[in-house]
Amino acid sequence: MQLESQVLNLETSQVLSQEPIILFGILLLVILVVPILFERLRLPALVGLVCSGIVLGPSGWHLFKPESSMMSLLSDVGLFYLMFIAGLEFNLQFFRQQQSRSLVFGSLTFTLPLILGTLGGRFFGLGWYGAILIGCLLASHSLLAYPIISRLGVVNNKAIAMTMGATVFSDIGSLLILSVCLSIVDHGAFNLSQIVRIFGSVIIYFVLVLVGFNWAIKEFLRRSGDDEGNKFLCVFMSVFLSVVIAQLMELDTIVGFFLSGLAVNEAIGEGAVKEKLIFIGSVLFIPIFFIYLGLKIDLYALFKSYSTIKLLLIIFVVLIASKFMASVLAKLFYRYNWQEIITIWSLSIPLVGTTLAVVLAGYQSKLLSSEVLNSVIVLVLITATLGPWLTRLVAGDGVGLTSSIAPETSAIKSPYQESESGNPNLTIVVPVYNPQTQKHLIEMAALLANQSQGKILPLAIAHATSQMDAPQLEVAWQRSEKLLAKAIAQSQLLGAKAEPLLRIDDAFAPGICRAAREQKANLIIMGWGKRTGWRARLLGNVIDNVLWASHCPVVVARLVESPKRIQRILVPIENIVTPTLTAVQFAQTLADANQAQVTVLNVCVNEANRRQRRTSAIQVAARRSQLSQLVSKLTLANPPEVQVITHEDVAQAILQAARLYDLVVLPLTRNRTTPGGLAMSDITNELARQLTCSIIIFGEPQQNQKLVLDNSFPNKTITV
């Protein structure tokens, strides 16, 4: 009976492995379910995906074969996308702000692992080129813990910004050495002149792509306009050209994908285009690549072979020791405190993107064996878990990491700032399209406008057609006029000054942003938009694009009752190191119009001891005092109430507190993907799905650095 069962299972596996559609469906199911499960276990999603590959591959159920054409193609695309996003996601601002320190620390955290890793590879018995690749793959690091430090609000800490800026140096250095080693092996160039020639050609390629492509892309976009379609085509063309040039120069294509991402990074800027490019890879191709890595692991050889375990221990010790030495040297140079040193050490431990690219390239070129491949993949899993855990443990609540770099002065006016004419009154743009939500939006705008002696600009967009006398345009124009007439009548009943705007534009989101900029608006109020299906998530919607492009704050409201009935407003602030206080200003202005009460809430979670049910009363009192001092700097006429509560889960704590409130104002926290490309969860999305009361998502301009107080106090500013 047991033999029959084994035969049946084998036949089932063989049938499934021959059906690509079924296999692809299994991949999608794994990508959908496994990351969610592992994130709830507080483990990185990539660990779950690699483990899934082990279970589904030759070491498990034999459903997938790593050498199959489908998996090879998808994994190659995933690897290329991983390297492209690694360059696209790099924040050049951190490098510029801490350029000298980033170069110094980048040199330390690159050179020490390279030297010690090479020596470790030689000790293990590898040849010189294989040993150099061992050092090369240890020299880079990935910022997997970015969401942790971002949530704590310590991204602008000098030591952390230095570490983030050093990432590009270590990644480029690793890929540079990889290119030289592979070129030498391919050409058999073992004399000094050939090595110098290859090294020179690699440097020329780096300069050509990083400098030349960046200039060409900016010039093209400047001349062709800020159209999303042009940006997409320009990005893909630059990737194609960089890879073609790499092949013509006989360099590895992985280098081309990374450098093309780095080249287009600054040219396209932050916005919906970059978000969509990252989304395409992070939800499909990159997870499949991590599953493919699991398929490549041979568990039997890994645990049976003493040499594999020995190599894993060697490279792990070398990595930990060399990264720690680099961090300690940074302390000697720049006099950071020990909390900062341990934090930057933990940030430089995880190895993901560049490391995997180097080990796969070395394995395919026969410089590295399967034992090395297995050891490095396991090392990636260990460091991807250990690094963020250490960061969470050491950074704590971020209070000890408050030494920040000065923010750059933004050319864009701050929210609630005086206009050029000196008029401090609010100018509120209210796009009107949906009659069902229009009434409550106009009511809210009227409350704010009356409170600040401002005005409402109801805005209707008629979608442009190729011919201005087209019947479709005439219908859209008449509909817009009716909506505006209704909005004006409602504004007059509420006693608010209103000036209608009707314009023709190619798209709704650019039309809204352009009109708001032309009218020097201080605020945009929009109705809630639903995201349905993959198409909406992939292509975005009007609200997404307005949030990305607007020059002023954007309020996205889902109101279940009239704003006039709102009496209790809750504003959760996630971190108190660099809080977003503009949402508090907005909530207090709305509350003053209704004689309502605002509560500023902070959830205290002890990251170092999450299992402890209670946080010390001293820590809670310190947080409440610090938050009260920050809020007091706003000098509001009716200061809000400040509450600090303890809970293990921030989202659940806010949901429980929100039961007593009529409105919750959520400062927008944008989704941030790690350089590995896996999307991180967003507390704002979870709250928006589960809250039953009225909700406002409060988004600020991308370039906003300075927060200015309410119009009633136009001369007082606060910088965060």
# chains A, B, ... in the order shown; residues from 1 in each chain; ligands from 1
call {"tool": "residues_around", "arguments": {"residues": "Met325 of chain A", "least_positions_apart": "3", "cutoff": "9 Å", "atoms": "only C-alpha atoms", "output": "PyMOL selection string"}}
result
chain A and resi 108-109+112+320-322+328-330+345
call {"tool": "residues_around", "arguments": {"residues": "Ser260 of chain A", "least_positions_apart": "2", "cutoff": "12 Å", "atoms": "only C-alpha atoms", "output": "PDB file with C-alpha atoms, in the first residue's frame"}}
result
ATOM      1  CA  PHE A  80      17.743  41.606 -14.139  1.00  0.00           C
ATOM      2  CA  TYR A  81      14.802  43.422 -12.549  1.00  0.00           C
ATOM      3  CA  MET A  83      19.558  44.752 -10.269  1.00  0.00           C
ATOM      4  CA  PHE A  84      17.625  47.415 -12.163  1.00  0.00           C
ATOM      5  CA  ILE A  85      15.548  48.270  -9.081  1.00  0.00           C
ATOM      6  CA  ALA A  86      18.686  48.267  -6.908  1.00  0.00           C
ATOM      7  CA  GLY A  87      19.907  51.191  -9.005  1.00  0.00           C
ATOM      8  CA  LEU A  88      16.492  52.789  -9.456  1.00  0.00           C
ATOM      9  CA  GLU A  89      15.710  52.770  -5.719  1.00  0.00           C
ATOM     10  CA  TYR A 205      31.478  51.923 -19.607  1.00  0.00           C
ATOM     11  CA  PHE A 206      30.543  53.019 -16.090  1.00  0.00           C
ATOM     12  CA  VAL A 207      31.134  56.687 -16.918  1.00  0.00           C
ATOM     13  CA  LEU A 208      29.310  56.411 -20.248  1.00  0.00           C
ATOM     14  CA  VAL A 209      26.169  54.972 -18.684  1.00  0.00           C
ATOM     15  CA  LEU A 210      26.102  56.935 -15.434  1.00  0.00           C
ATOM     16  CA  VAL A 211      26.978  60.327 -16.910  1.00  0.00           C
ATOM     17  CA  GLY A 212      26.023  60.095 -20.567  1.00  0.00           C
ATOM     18  CA  PHE A 213      22.695  58.318 -20.142  1.00  0.00           C
ATOM     19  CA  ASN A 214      21.670  60.558 -17.274  1.00  0.00           C
ATOM     20  CA  ILE A 217      17.476  61.141 -20.537  1.00  0.00           C
ATOM     21  CA  CYS A 234      12.758  56.348 -22.261  1.00  0.00           C
ATOM     22  CA  VAL A 235      13.472  54.070 -19.286  1.00  0.00           C
ATOM     23  CA  PHE A 236      13.108  50.864 -21.282  1.00  0.00           C
ATOM     24  CA  MET A 237      15.175  52.259 -24.138  1.00  0.00           C
ATOM     25  CA  SER A 238      17.978  53.239 -21.768  1.00  0.00           C
ATOM     26  CA  VAL A 239      17.958  49.753 -20.233  1.00  0.00           C
ATOM     27  CA  PHE A 240      18.101  48.162 -23.678  1.00  0.00           C
ATOM     28  CA  LEU A 241      20.931  50.403 -24.879  1.00  0.00           C
ATOM     29  CA  SER A 242      23.004  49.940 -21.726  1.00  0.00           C
ATOM     30  CA  VAL A 243      22.732  46.160 -21.977  1.00  0.00           C
ATOM     31  CA  VAL A 244      23.572  46.210 -25.702  1.00  0.00           C
ATOM     32  CA  ILE A 245      26.649  48.365 -25.040  1.00  0.00           C
ATOM     33  CA  ALA A 246      27.684  46.008 -22.238  1.00  0.00           C
ATOM     34  CA  THR A 253      24.699  42.214 -18.648  1.00  0.00           C
ATOM     35  CA  ILE A 254      23.946  42.332 -14.916  1.00  0.00           C
ATOM     36  CA  VAL A 255      26.178  45.394 -14.696  1.00  0.00           C
ATOM     37  CA  GLY A 256      24.194  47.060 -17.465  1.00  0.00           C
ATOM     38  CA  PHE A 257      20.875  46.596 -15.686  1.00  0.00           C
ATOM     39  CA  PHE A 258      22.192  48.020 -12.416  1.00  0.00           C
ATOM     40  CA  LEU A 262      21.110  54.217 -11.439  1.00  0.00           C
ATOM     41  CA  ALA A 263      21.249  56.402 -14.558  1.00  0.00           C
ATOM     42  CA  VAL A 264      17.483  56.880 -14.873  1.00  0.00           C
ATOM     43  CA  ASN A 265      17.036  57.247 -11.118  1.00  0.00           C
ATOM     44  CA  GLU A 266      17.442  60.989 -10.892  1.00  0.00           C
ATOM     45  CA  ALA A 267      16.292  61.702 -14.444  1.00  0.00           C
TER      46      ALA A 267
END
call {"tool": "select_by_dssp", "arguments": {"residues": "segment 53-174 of chain A", "states": "helix (DSSP H, G or I)", "output": "ChimeraX atom specification"}}
result
/A:53-56,69-88,92-97,99-124,128-139,146-152,158-174
call {"tool": "atom_distance", "arguments": {"atom1": "atom CA of Phe199 of chain A", "atom2": "atom CA of Ile377 of chain A"}}
result
28.5 Å
call {"tool": "atom_distance", "arguments": {"atom1": "atom CA of Leu133 of chain A", "atom2": "atom CA of Thr118 of chain A"}}
result
7.4 Å
call {"tool": "residues_around", "arguments": {"residues": "Phe24 of chain A", "least_positions_apart": "6", "cutoff": "10 Å", "atoms": "only C-alpha atoms", "output": "list of chain:residue names"}}
result
A:Val30, A:Met70, A:Met71, A:Ile288
call {"tool": "closest_residue", "arguments": {"among": "A:Ala460, A:Ile695, A:Ile428, A:Leu559", "to": "Arg517 of chain A", "atoms": "only C-alpha atoms"}}
result
A:Ile428
